[in-house]
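A.B. asks: What follows is the file target_20.tsv, containing TSV, C-alpha atoms and all ligand atoms:
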chain	number	residue	atom	x	y	z
A	58	MET	CA	34.66	-17.40	-31.46
A	59	ALA	CA	32.42	-15.71	-33.99
A	60	SER	CA	29.41	-16.23	-31.81
A	61	THR	CA	31.23	-14.77	-28.79
A	62	SER	CA	32.23	-11.60	-30.57
A	63	LYS	CA	28.71	-11.31	-31.94
A	64	MET	CA	27.34	-11.63	-28.45
A	65	VAL	CA	29.77	-9.03	-27.11
A	66	SER	CA	28.83	-6.57	-29.83
A	67	THR	CA	25.13	-7.17	-29.15
A	68	VAL	CA	25.69	-6.46	-25.48
A	69	ILE	CA	27.60	-3.27	-26.31
A	70	ILE	CA	24.90	-2.08	-28.69
A	71	PHE	CA	22.26	-2.90	-26.12
A	72	MET	CA	24.12	-1.00	-23.40
A	73	ALA	CA	24.64	1.96	-25.70
A	74	PHE	CA	20.92	1.88	-26.40
A	75	LEU	CA	20.18	1.87	-22.69
A	76	CYS	CA	22.50	4.82	-22.11
A	77	THR	CA	21.00	6.95	-24.86
A	78	LYS	CA	17.59	6.04	-23.56
A	79	ALA	CA	18.57	7.13	-20.07
A	80	LEU	CA	19.90	10.41	-21.39
A	81	SER	CA	17.01	11.22	-23.67
A	82	GLN	CA	14.52	10.49	-20.88
A	83	CYS	CA	15.20	13.83	-19.22
A	84	GLU	CA	14.71	15.82	-22.38
A	85	GLU	CA	11.54	16.83	-24.16
A	86	GLU	CA	9.32	14.08	-25.52
A	87	THR	CA	10.74	12.53	-28.67
A	88	ASN	CA	8.62	11.95	-31.75
A	89	ASN	CA	6.83	8.73	-30.99
A	90	PRO	CA	4.70	7.34	-33.85
A	91	CYS	CA	2.22	6.06	-31.25
A	92	ASN	CA	1.52	9.53	-29.89
A	93	ASN	CA	-1.99	10.60	-30.74
A	94	LYS	CA	-3.72	12.98	-28.41
A	95	SER	CA	-7.25	12.75	-29.84
A	96	LYS	CA	-7.19	8.94	-29.85
A	97	ALA	CA	-5.64	8.72	-26.38
A	98	LEU	CA	-8.31	10.77	-24.61
A	99	PRO	CA	-11.23	8.31	-25.04
A	100	LEU	CA	-8.94	5.49	-23.94
A	101	LYS	CA	-8.07	7.40	-20.78
A	102	ILE	CA	-11.73	8.07	-20.01
A	103	ILE	CA	-12.56	4.37	-20.42
A	104	GLY	CA	-9.55	3.70	-18.21
A	105	ILE	CA	-10.93	5.97	-15.47
A	106	ALA	CA	-14.25	4.09	-15.44
A	107	ALA	CA	-12.64	0.64	-15.60
A	108	ILE	CA	-10.18	1.36	-12.79
A	109	LEU	CA	-12.90	2.90	-10.63
A	110	ILE	CA	-15.08	-0.20	-10.96
A	111	THR	CA	-12.30	-2.73	-10.42
A	112	SER	CA	-11.04	-0.82	-7.36
A	113	ILE	CA	-14.50	-0.86	-5.80
A	114	ILE	CA	-14.79	-4.60	-6.50
A	115	GLY	CA	-11.37	-5.17	-4.93
A	116	VAL	CA	-12.06	-3.31	-1.66
A	117	CYS	CA	-15.54	-4.76	-1.32
A	118	LEU	CA	-14.45	-8.38	-1.79
A	119	PRO	CA	-13.09	-8.76	1.77
A	120	LEU	CA	-15.96	-6.64	3.13
A	121	ILE	CA	-18.79	-8.76	1.73
A	122	THR	CA	-17.22	-11.82	3.35
A	123	ARG	CA	-18.94	-10.49	6.46
A	124	SER	CA	-22.23	-11.82	5.21
A	125	ILE	CA	-20.83	-15.33	4.60
A	126	PRO	CA	-21.18	-17.42	7.79
A	127	ALA	CA	-17.96	-19.39	7.12
A	128	LEU	CA	-16.07	-16.09	7.26
A	129	SER	CA	-17.36	-14.72	10.54
A	130	PRO	CA	-14.55	-13.29	12.71
A	131	ASP	CA	-14.42	-16.31	14.96
A	132	ARG	CA	-13.75	-18.70	12.09
A	133	ASN	CA	-10.35	-19.68	10.84
A	134	LEU	CA	-11.03	-18.54	7.29
A	135	PHE	CA	-11.33	-14.95	8.52
A	136	VAL	CA	-7.78	-15.09	9.89
A	137	ILE	CA	-6.55	-16.49	6.58
A	138	VAL	CA	-8.26	-13.73	4.56
A	139	LYS	CA	-6.63	-11.15	6.84
A	140	ALA	CA	-3.22	-12.77	6.38
A	141	PHE	CA	-3.68	-12.62	2.61
A	142	ALA	CA	-4.57	-8.92	2.82
A	143	SER	CA	-1.54	-8.20	5.03
A	144	GLY	CA	0.70	-9.93	2.49
A	145	ILE	CA	-0.57	-7.59	-0.21
A	146	ILE	CA	0.15	-4.52	1.90
A	147	LEU	CA	3.65	-5.77	2.73
A	148	ALA	CA	4.41	-6.31	-0.97
A	149	THR	CA	3.00	-2.88	-1.82
A	150	GLY	CA	5.58	-1.35	0.50
A	151	PHE	CA	8.55	-3.54	-0.46
A	152	MET	CA	7.86	-4.15	-4.15
A	153	HIS	CA	6.04	-1.05	-5.40
A	154	VAL	CA	6.58	2.03	-3.30
A	155	LEU	CA	10.16	1.48	-2.10
A	156	PRO	CA	11.69	0.57	-5.52
A	157	ASP	CA	9.77	3.47	-7.12
A	158	SER	CA	11.34	5.85	-4.67
A	159	PHE	CA	14.84	4.44	-5.30
A	160	ASP	CA	14.32	4.82	-9.06
A	161	MET	CA	13.16	8.39	-8.72
A	162	LEU	CA	15.75	9.69	-6.29
A	163	ARG	CA	18.58	7.91	-8.14
A	164	SER	CA	17.34	9.10	-11.52
A	165	PRO	CA	19.99	10.35	-13.97
A	166	CYS	CA	17.76	13.40	-14.44
A	167	LEU	CA	18.69	14.63	-10.95
A	168	SER	CA	21.94	16.38	-10.19
A	169	ASP	CA	24.75	14.23	-8.81
A	170	ASN	CA	25.04	16.33	-5.71
A	171	PRO	CA	23.37	15.52	-3.34
A	172	TRP	CA	21.02	12.93	-4.87
A	173	HIS	CA	23.58	10.37	-6.02
A	174	LYS	CA	25.83	10.76	-2.99
A	175	PHE	CA	23.52	9.47	-0.28
A	176	PRO	CA	20.72	6.84	-0.20
A	177	PHE	CA	17.91	9.25	0.66
A	178	THR	CA	15.21	6.66	0.04
A	179	GLY	CA	16.49	4.23	2.63
A	180	PHE	CA	17.14	7.02	5.10
A	181	LEU	CA	13.67	8.52	4.80
A	182	ALA	CA	11.94	5.12	4.83
A	183	MET	CA	13.81	4.28	8.04
A	184	LEU	CA	12.88	7.60	9.66
A	185	SER	CA	9.28	7.11	8.63
A	186	ALA	CA	9.21	3.63	10.16
A	187	ILE	CA	10.65	4.96	13.43
A	188	PHE	CA	8.15	7.82	13.40
A	189	THR	CA	5.27	5.38	12.88
A	190	LEU	CA	6.53	3.32	15.81
A	191	MET	CA	6.67	6.47	17.93
A	192	VAL	CA	3.11	7.47	17.13
A	193	ASP	CA	1.96	3.88	17.60
A	194	SER	CA	3.61	3.55	21.00
A	195	MET	CA	2.62	6.97	22.34
A	196	ALA	CA	-1.00	6.67	21.21
A	197	THR	CA	-1.20	3.26	22.88
A	198	SER	CA	0.28	4.45	26.17
A	199	MET	CA	-1.97	7.51	26.23
A	200	TYR	CA	-4.94	5.29	25.61
A	201	THR	CA	-4.01	2.83	28.37
A	202	THR	CA	-3.39	5.64	30.88
A	203	LYS	CA	-6.78	7.09	30.13
A	204	ASN	CA	-8.41	3.68	30.45
A	205	ASN	CA	-6.61	3.00	33.71
A	206	ALA	CA	-8.03	6.20	35.13
A	207	ILE	CA	-11.52	5.19	34.05
A	208	SER	CA	-11.28	1.72	35.57
A	209	ALA	CA	-9.75	3.11	38.79
A	210	GLU	CA	-12.91	5.15	39.28
A	211	GLY	CA	-15.04	2.13	38.46
A	212	GLY	CA	-14.06	0.04	41.49
A	213	GLU	CA	-11.46	-2.41	42.69
A	214	SER	CA	-12.94	-5.77	41.71
A	215	THR	CA	-11.69	-5.52	38.10
A	216	THR	CA	-8.23	-4.16	38.89
A	217	GLY	CA	-6.46	-7.52	38.65
A	218	ASP	CA	-7.97	-8.28	35.30
A	219	HIS	CA	-7.12	-4.91	33.98
A	220	GLU	CA	-3.50	-5.09	35.01
A	221	MET	CA	-3.18	-8.33	33.14
A	222	ALA	CA	-4.72	-6.79	30.08
A	223	VAL	CA	-2.28	-3.90	30.24
A	224	ALA	CA	0.66	-6.24	30.73
A	225	GLY	CA	-0.48	-8.12	27.62
A	226	GLY	CA	0.05	-4.94	25.65
A	227	GLY	CA	-1.96	-3.66	22.73
A	228	GLY	CA	-0.50	-5.98	20.17
A	229	THR	CA	-1.07	-9.29	21.84
A	230	HIS	CA	-4.21	-8.59	23.80
A	231	LEU	CA	-6.91	-9.26	21.25
A	232	HIS	CA	-10.40	-8.19	22.06
A	233	GLY	CA	-12.66	-10.70	20.43
A	234	HIS	CA	-16.13	-9.69	19.43
A	235	HIS	CA	-17.65	-11.71	22.20
A	236	HIS	CA	-16.29	-9.57	25.01
A	237	ARG	CA	-15.70	-6.12	23.64
A	238	PRO	CA	-15.94	-3.51	26.42
A	239	LYS	CA	-19.20	-1.61	26.36
A	240	GLY	CA	-17.96	1.90	27.17
A	241	PRO	CA	-14.96	3.16	25.21
A	242	ILE	CA	-14.03	0.99	22.23
A	243	GLY	CA	-11.34	-1.60	22.90
A	244	ALA	CA	-7.67	-0.73	22.51
A	245	GLN	CA	-7.25	-3.29	19.76
A	246	LEU	CA	-10.23	-2.03	17.79
A	247	LEU	CA	-9.01	1.54	18.09
A	248	ARG	CA	-5.66	0.37	16.80
A	249	TYR	CA	-7.27	-1.40	13.84
A	250	ARG	CA	-9.11	1.81	12.97
A	251	VAL	CA	-5.98	3.92	13.06
A	252	VAL	CA	-4.15	1.28	11.01
A	253	ALA	CA	-6.87	1.30	8.33
A	254	MET	CA	-6.77	5.11	8.08
A	255	VAL	CA	-3.00	5.40	7.98
A	256	MET	CA	-2.81	2.52	5.51
A	257	GLU	CA	-5.07	4.41	3.17
A	258	LEU	CA	-2.73	7.41	3.40
A	259	GLY	CA	0.25	5.15	2.77
A	260	ILE	CA	-1.24	3.79	-0.42
A	261	VAL	CA	-2.57	7.09	-1.73
A	262	VAL	CA	0.65	8.55	-3.15
A	263	HIS	CA	1.46	5.46	-5.19
A	264	SER	CA	-2.11	5.22	-6.49
A	265	ILE	CA	-2.21	8.83	-7.64
A	266	VAL	CA	1.23	8.69	-9.24
A	267	ILE	CA	0.49	5.62	-11.34
A	268	GLY	CA	-2.69	7.39	-12.50
A	269	LEU	CA	-0.73	10.55	-13.33
A	270	GLY	CA	1.53	8.53	-15.60
A	271	VAL	CA	-1.44	7.30	-17.64
A	272	GLY	CA	-3.14	10.71	-17.69
A	273	ALA	CA	-0.08	12.59	-18.90
A	274	SER	CA	0.83	10.08	-21.63
A	275	ASN	CA	-0.54	10.24	-25.18
A	276	ASP	CA	1.00	6.98	-26.29
A	277	VAL	CA	-1.94	4.95	-27.65
A	278	CYS	CA	0.20	1.81	-27.95
A	279	THR	CA	0.92	1.59	-24.21
A	280	ILE	CA	-2.22	3.06	-22.64
A	281	LYS	CA	-4.42	-0.01	-23.23
A	282	PRO	CA	-2.15	-2.62	-21.63
A	283	LEU	CA	-1.23	-0.15	-18.89
A	284	VAL	CA	-4.87	0.47	-17.97
A	285	ALA	CA	-5.50	-3.29	-17.89
A	286	ALA	CA	-2.51	-3.72	-15.57
A	287	LEU	CA	-3.70	-0.87	-13.35
A	288	CYS	CA	-7.15	-2.47	-13.05
A	289	PHE	CA	-5.55	-5.60	-11.60
A	290	HIS	CA	-3.16	-3.51	-9.54
A	291	GLN	CA	-5.95	-1.51	-7.90
A	292	MET	CA	-8.17	-4.53	-7.45
A	293	PHE	CA	-5.43	-6.44	-5.66
A	294	GLU	CA	-4.36	-3.49	-3.57
A	295	GLY	CA	-8.03	-2.89	-2.80
A	296	MET	CA	-8.26	-6.41	-1.39
A	297	GLY	CA	-5.35	-5.59	0.93
A	298	LEU	CA	-6.97	-2.39	2.13
A	299	GLY	CA	-10.37	-4.09	2.33
A	300	GLY	CA	-8.91	-6.57	4.82
A	301	CYS	CA	-7.81	-3.66	7.04
A	302	ILE	CA	-11.17	-1.90	6.74
A	303	LEU	CA	-12.90	-5.17	7.58
A	304	GLN	CA	-11.15	-5.61	10.91
A	305	ALA	CA	-11.65	-1.93	11.80
A	306	GLU	CA	-15.41	-2.59	12.01
A	307	TYR	CA	-16.46	0.83	10.82
A	308	LYS	CA	-20.06	1.90	10.56
A	309	PRO	CA	-21.50	1.53	7.02
A	310	LEU	CA	-21.15	5.22	6.13
A	311	LYS	CA	-17.52	5.41	7.20
A	312	LYS	CA	-16.81	2.13	5.43
A	313	ALA	CA	-18.35	3.52	2.23
A	314	LEU	CA	-16.22	6.66	2.57
A	315	MET	CA	-13.04	4.61	2.92
A	316	VAL	CA	-13.98	2.52	-0.14
A	317	PHE	CA	-14.83	5.63	-2.15
A	318	PHE	CA	-11.63	7.47	-1.18
A	319	PHE	CA	-9.42	4.57	-2.19
A	320	SER	CA	-11.28	3.86	-5.44
A	321	MET	CA	-11.06	7.51	-6.47
A	322	THR	CA	-7.30	7.88	-6.13
A	323	THR	CA	-6.06	6.35	-9.40
A	324	PRO	CA	-8.93	7.76	-11.55
A	325	PHE	CA	-8.23	11.13	-9.90
A	326	GLY	CA	-4.57	10.74	-10.82
A	327	ILE	CA	-5.50	10.07	-14.46
A	328	ALA	CA	-7.81	13.11	-14.56
A	329	LEU	CA	-5.09	15.22	-12.98
A	330	GLY	CA	-2.62	13.93	-15.53
A	331	ILE	CA	-4.94	14.89	-18.40
A	332	GLY	CA	-5.39	18.35	-16.90
A	333	LEU	CA	-1.69	18.87	-16.24
A	334	ALA	CA	-0.44	17.14	-19.41
A	335	LYS	CA	1.23	20.34	-20.60
A	336	THR	CA	2.99	21.24	-17.36
A	337	TYR	CA	3.55	17.87	-15.67
A	338	LYS	CA	6.78	16.17	-16.68
A	339	GLU	CA	7.38	12.83	-15.03
A	340	ASN	CA	11.14	13.31	-15.25
A	341	SER	CA	11.41	16.93	-14.16
A	342	PRO	CA	13.61	17.26	-11.08
A	343	SER	CA	10.84	18.78	-8.94
A	344	ALA	CA	8.40	15.94	-9.75
A	345	LEU	CA	11.07	13.30	-9.16
A	346	ILE	CA	12.12	14.77	-5.82
A	347	THR	CA	8.61	15.39	-4.48
A	348	VAL	CA	7.22	12.01	-5.48
A	349	GLY	CA	10.42	10.18	-4.57
A	350	LEU	CA	10.46	11.62	-1.04
A	351	LEU	CA	6.73	10.99	-0.55
A	352	ASN	CA	7.15	7.42	-1.77
A	353	ALA	CA	10.04	6.81	0.61
A	354	SER	CA	7.96	7.94	3.60
A	355	SER	CA	4.99	5.86	2.45
A	356	ALA	CA	7.24	2.83	2.08
A	357	GLY	CA	8.53	3.04	5.67
A	358	LEU	CA	5.01	3.44	6.97
A	359	LEU	CA	3.55	0.58	4.93
A	360	ILE	CA	6.36	-1.82	5.77
A	361	TYR	CA	6.20	-1.03	9.50
A	362	MET	CA	2.42	-1.33	9.64
A	363	ALA	CA	2.27	-4.50	7.57
A	364	LEU	CA	4.92	-6.23	9.67
A	365	VAL	CA	4.09	-4.96	13.15
A	366	ASP	CA	0.44	-3.99	13.26
A	367	LEU	CA	-0.93	-6.56	10.85
A	368	LEU	CA	1.32	-9.62	10.56
A	369	ALA	CA	3.03	-9.77	13.95
A	370	ALA	CA	-0.16	-8.77	15.77
A	371	ASP	CA	-2.03	-11.69	14.20
A	372	PHE	CA	0.73	-14.28	14.18
A	373	MET	CA	1.72	-13.61	17.79
A	374	GLY	CA	-1.92	-13.39	18.84
A	375	PRO	CA	-3.63	-16.17	20.82
A	376	LYS	CA	-5.62	-17.51	17.86
A	377	LEU	CA	-2.67	-18.33	15.59
A	378	GLN	CA	-0.36	-19.25	18.45
A	379	GLY	CA	-2.90	-21.86	19.42
A	380	SER	CA	-2.69	-23.81	16.18
A	381	ILE	CA	0.34	-24.68	14.07
A	382	LYS	CA	-1.95	-25.86	11.28
A	383	LEU	CA	-3.72	-22.52	11.08
A	384	GLN	CA	-0.33	-20.78	11.23
A	385	LEU	CA	0.90	-22.71	8.21
A	386	LYS	CA	-2.27	-21.93	6.26
A	387	SER	CA	-1.93	-18.26	7.14
A	388	PHE	CA	1.71	-18.23	6.04
A	389	ALA	CA	0.60	-19.69	2.71
A	390	ALA	CA	-1.99	-16.89	2.46
A	391	VAL	CA	0.64	-14.23	3.25
A	392	LEU	CA	2.93	-15.65	0.56
A	393	LEU	CA	0.06	-15.78	-1.93
A	394	GLY	CA	-0.92	-12.16	-1.29
A	395	ALA	CA	2.66	-10.89	-1.32
A	396	GLY	CA	3.47	-12.99	-4.38
A	397	GLY	CA	0.48	-11.72	-6.34
A	398	MET	CA	1.23	-8.09	-5.55
A	399	SER	CA	4.90	-8.67	-6.43
A	400	VAL	CA	3.92	-9.92	-9.90
A	401	MET	CA	2.01	-6.64	-10.42
A	402	ALA	CA	5.24	-4.72	-9.82
A	403	LYS	CA	6.24	-5.75	-13.34
A	404	TRP	CA	3.73	-3.27	-14.78
A	405	ALA	CA	3.07	-0.46	-12.30
A	501	ZN	ZN	2.37	-0.47	-7.98
With the file now loaded, output its structure as structure tokens.
C.D. replies:
Amino acid sequence: MASTSKMVSTVIIFMAFLCTKALSQCEEETNNPCNNKSKALPLKIIGIAAILITSIIGVCLPLITRSIPALSPDRNLFVIVKAFASGIILATGFMHVLPDSFDMLRSPCLSDNPWHKFPFTGFLAMLSAIFTLMVDSMATSMYTTKNNAISAEGGESTTGDHEMAVAGGGGTHLHGHHHRPKGPIGAQLLRYRVVAMVMELGIVVHSIVIGLGVGASNDVCTIKPLVAALCFHQMFEGMGLGGCILQAEYKPLKKALMVFFFSMTTPFGIALGIGLAKTYKENSPSALITVGLLNASSAGLLIYMALVDLLAADFMGPKLQGSIKLQLKSFAAVLLGAGGMSVMAKWA
């Protein structure tokens, strides 16, 4: 009996602690013994460099696989690497961006009306997914119409083939590297390029916001472990994005730009946080609403793209449909990527 009442009182004290913590979060920063502005700054600058380097390593890992013969696009290992990358993107949407948005828009620092009366995060994520589908479908149909017109001018001998290709649809008709059309780039390649670009936009908000948190904080006790966690976070996420850039087959300059843009986001967020330390308050209603809404839209976009444009496109494609063994290996890779990124959600 004694132990039960002790347990109950512990729970009550713990809950009271949680409540006071939730309340004090919205107010001005309390006196934290770890706060030390002059000591925090060098740590943040080291953090910027470390995160920049690990991000570059992460994105480049899938890209350098190009030079390894076992990983050429026709090999099975290439499909498995892509599945792993898609898993990471899926987990970024489900495990990082979506829960962040829920936390922000349901924050006790926001007024009850309207924020606590309606699940804005789910609503916006859903709208964003539908919108992505709309753009995806319209862009594809515009592209096929244009291509039909081109092939109609070209002659009648290829008409049958072309109709079959159109019937196959963008998602299932995979243009291998062996027979990519010479004139306009293939529909599938164009799709991969759009996916890589949009994916980068989908990740960008989350990457900047986690950097902002580090930049605006002066807590020397938490900065070090947080920077270490962010290094892994960006490296892993970089591998996911790298997989998308890889299949988009960009020219070297464009590839380098994509790598640079992604690697810059979190360091930029930290720098911004240092610059805005006085004015930026993580828990101010305007910051919560802006970032929460942006995160919700990113989440819908990332989840749609990961499921439809990356995973379903590959798993329903001829290569994976042709081999159950390869399918199982790819599923293992998806789980590994998604699992790894999910573990990161513990920290950032
Ligand atoms: Zn995250």
A.B. asks: Using all atoms listed in the file, I'd like a table of the residues in chain A that come within 7 Å of ligand ZN 501 (chain A); for each, show the closest atom pair and its distance in Å rounded to one decimal, ordered by chain and ascending number, as JSON lines.
C.D. replies:
{"residue": "A:Thr149", "atom": "CA", "partner": "A:ZN501", "partner_atom": "ZN", "distance": 6.6}
{"residue": "A:His153", "atom": "CA", "partner": "A:ZN501", "partner_atom": "ZN", "distance": 4.5}
{"residue": "A:Val154", "atom": "CA", "partner": "A:ZN501", "partner_atom": "ZN", "distance": 6.8}
{"residue": "A:His263", "atom": "CA", "partner": "A:ZN501", "partner_atom": "ZN", "distance": 6.6}
{"residue": "A:His290", "atom": "CA", "partner": "A:ZN501", "partner_atom": "ZN", "distance": 6.5}
{"residue": "A:Met401", "atom": "CA", "partner": "A:ZN501", "partner_atom": "ZN", "distance": 6.6}
{"residue": "A:Ala402", "atom": "CA", "partner": "A:ZN501", "partner_atom": "ZN", "distance": 5.4}
{"residue": "A:Ala405", "atom": "CA", "partner": "A:ZN501", "partner_atom": "ZN", "distance": 4.4}
A.B. asks: When distances are computed from all atoms listed in the file, which of A:Leu100, A:Ala363, A:Ala253, A:Ile110 shows the smallest separation from Ala140 (chain A)?
C.D. replies: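 Among the listed residues, A:Ala363 lies closest to Ala140 (chain A).
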A.B. asks: State, in Å with one decimal place, the distance from CA of Phe317 (chain A) to CA of Ile113 (chain A).
C.D. replies: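 Computing the Euclidean distance for CA of Phe317 (chain A) and CA of Ile113 (chain A) yields 7.5 Å.
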A.B. asks: Considering all atoms listed in the file, can you say which of A:Gly272, A:Ala370, A:Gly295, A:Trp404 comes closest to Gly115 (chain A)?
C.D. replies: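 Comparing A:Gly272, A:Ala370, A:Gly295, A:Trp404 against Gly115 (chain A), the winner is A:Gly295.
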A.B. asks: Give me the residues within 12 Å of region 254-257 of chain A as a VMD selection string, counting all atoms listed in the file and dropping any in the same chain fewer than 2 places off.
C.D. replies: chain A and resid 116 142 to 143 145 to 147 149 to 150 189 192 to 193 247 to 252 259 to 264 294 to 295 297 to 305 307 311 to 312 314 to 322 355 to 363 366 to 367
A.B. asks: Env of region 273-276 of chain A: 6 Å cut, atoms = all atoms listed in the file, seq-sep filter 5 positions within chain, self excluded. Answer as an mmCIF file with C-alpha atoms, keeping the file's coordinate frame.
C.D. replies:
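Produced file out25.cif, reproduced below:
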data_model
loop_
_atom_site.group_PDB
_atom_site.id
_atom_site.type_symbol
_atom_site.label_atom_id
_atom_site.label_comp_id
_atom_site.auth_asym_id
_atom_site.auth_seq_id
_atom_site.Cartn_x
_atom_site.Cartn_y
_atom_site.Cartn_z
ATOM 1 C CA CYS A 91 2.220 6.060 -31.250
ATOM 2 C CA ASN A 92 1.520 9.530 -29.890
ATOM 3 C CA ASN A 93 -1.990 10.600 -30.740
ATOM 4 C CA LYS A 94 -3.720 12.980 -28.410
ATOM 5 C CA ALA A 97 -5.640 8.720 -26.380
ATOM 6 C CA GLY A 330 -2.620 13.930 -15.530
ATOM 7 C CA ILE A 331 -4.940 14.890 -18.400
ATOM 8 C CA ALA A 334 -0.440 17.140 -19.410
#
A.B. asks: To one decimal place, how far is CA of Cys117 (chain A) from CA of Lys386 (chain A) in Å?
C.D. replies: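 Result for CA of Cys117 (chain A) versus CA of Lys386 (chain A): 23.0 Å, one decimal.
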A.B. asks: Hey, can you check how far CA of Thr336 (chain A) sits from CA of Gly270 (chain A)?
C.D. replies: 12.9 Å
A.B. asks: Near Asn340 (chain A), counting all atoms listed in the file, which residues have an atom at most 7 Å away, once you skip same-chain residues fewer than 5 positions from it, shown as a ChimeraX atom specification?
C.D. replies: /A:83,166,345
A.B. asks: Dig up all the protein and nucleic acid residues within 6 Å of (-4.9, 4.8, -16.6) in the file frame, using only C-alpha atoms, and format them as a VMD selection string.
C.D. replies: chain A and resid 101 104 268 271 284 327
A.B. asks: Any chance you can output those residues with C-alpha atoms as a JSON list (two decimals), in the frame of the given file?
C.D. replies:
[["chain", "number", "residue", "atom", "x", "y", "z"],
["A", 101, "LYS", "CA", -8.07, 7.40, -20.78],
["A", 104, "GLY", "CA", -9.55, 3.70, -18.21],
["A", 268, "GLY", "CA", -2.69, 7.39, -12.50],
["A", 271, "VAL", "CA", -1.44, 7.30, -17.64],
["A", 284, "VAL", "CA", -4.87, 0.47, -17.97],
["A", 327, "ILE", "CA", -5.50, 10.07, -14.46]]
A.B. asks: Would you please work out which residue, of A:Ala286, A:Phe293, A:Gln245, A:Ser164, is nearest to Tyr200 (chain A) when using only C-alpha atoms?
C.D. replies: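 Answer, going by the shortest atom-to-atom distance: A:Gln245.
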A.B. asks: Using all atoms listed in the file, which residues sit within 12 Å of Ser343 (chain A) once same-chain residues fewer than 6 positions away are excluded, as number ranges by chain?
C.D. replies: A: 161-162, 164, 166-168, 336-337, 349-350
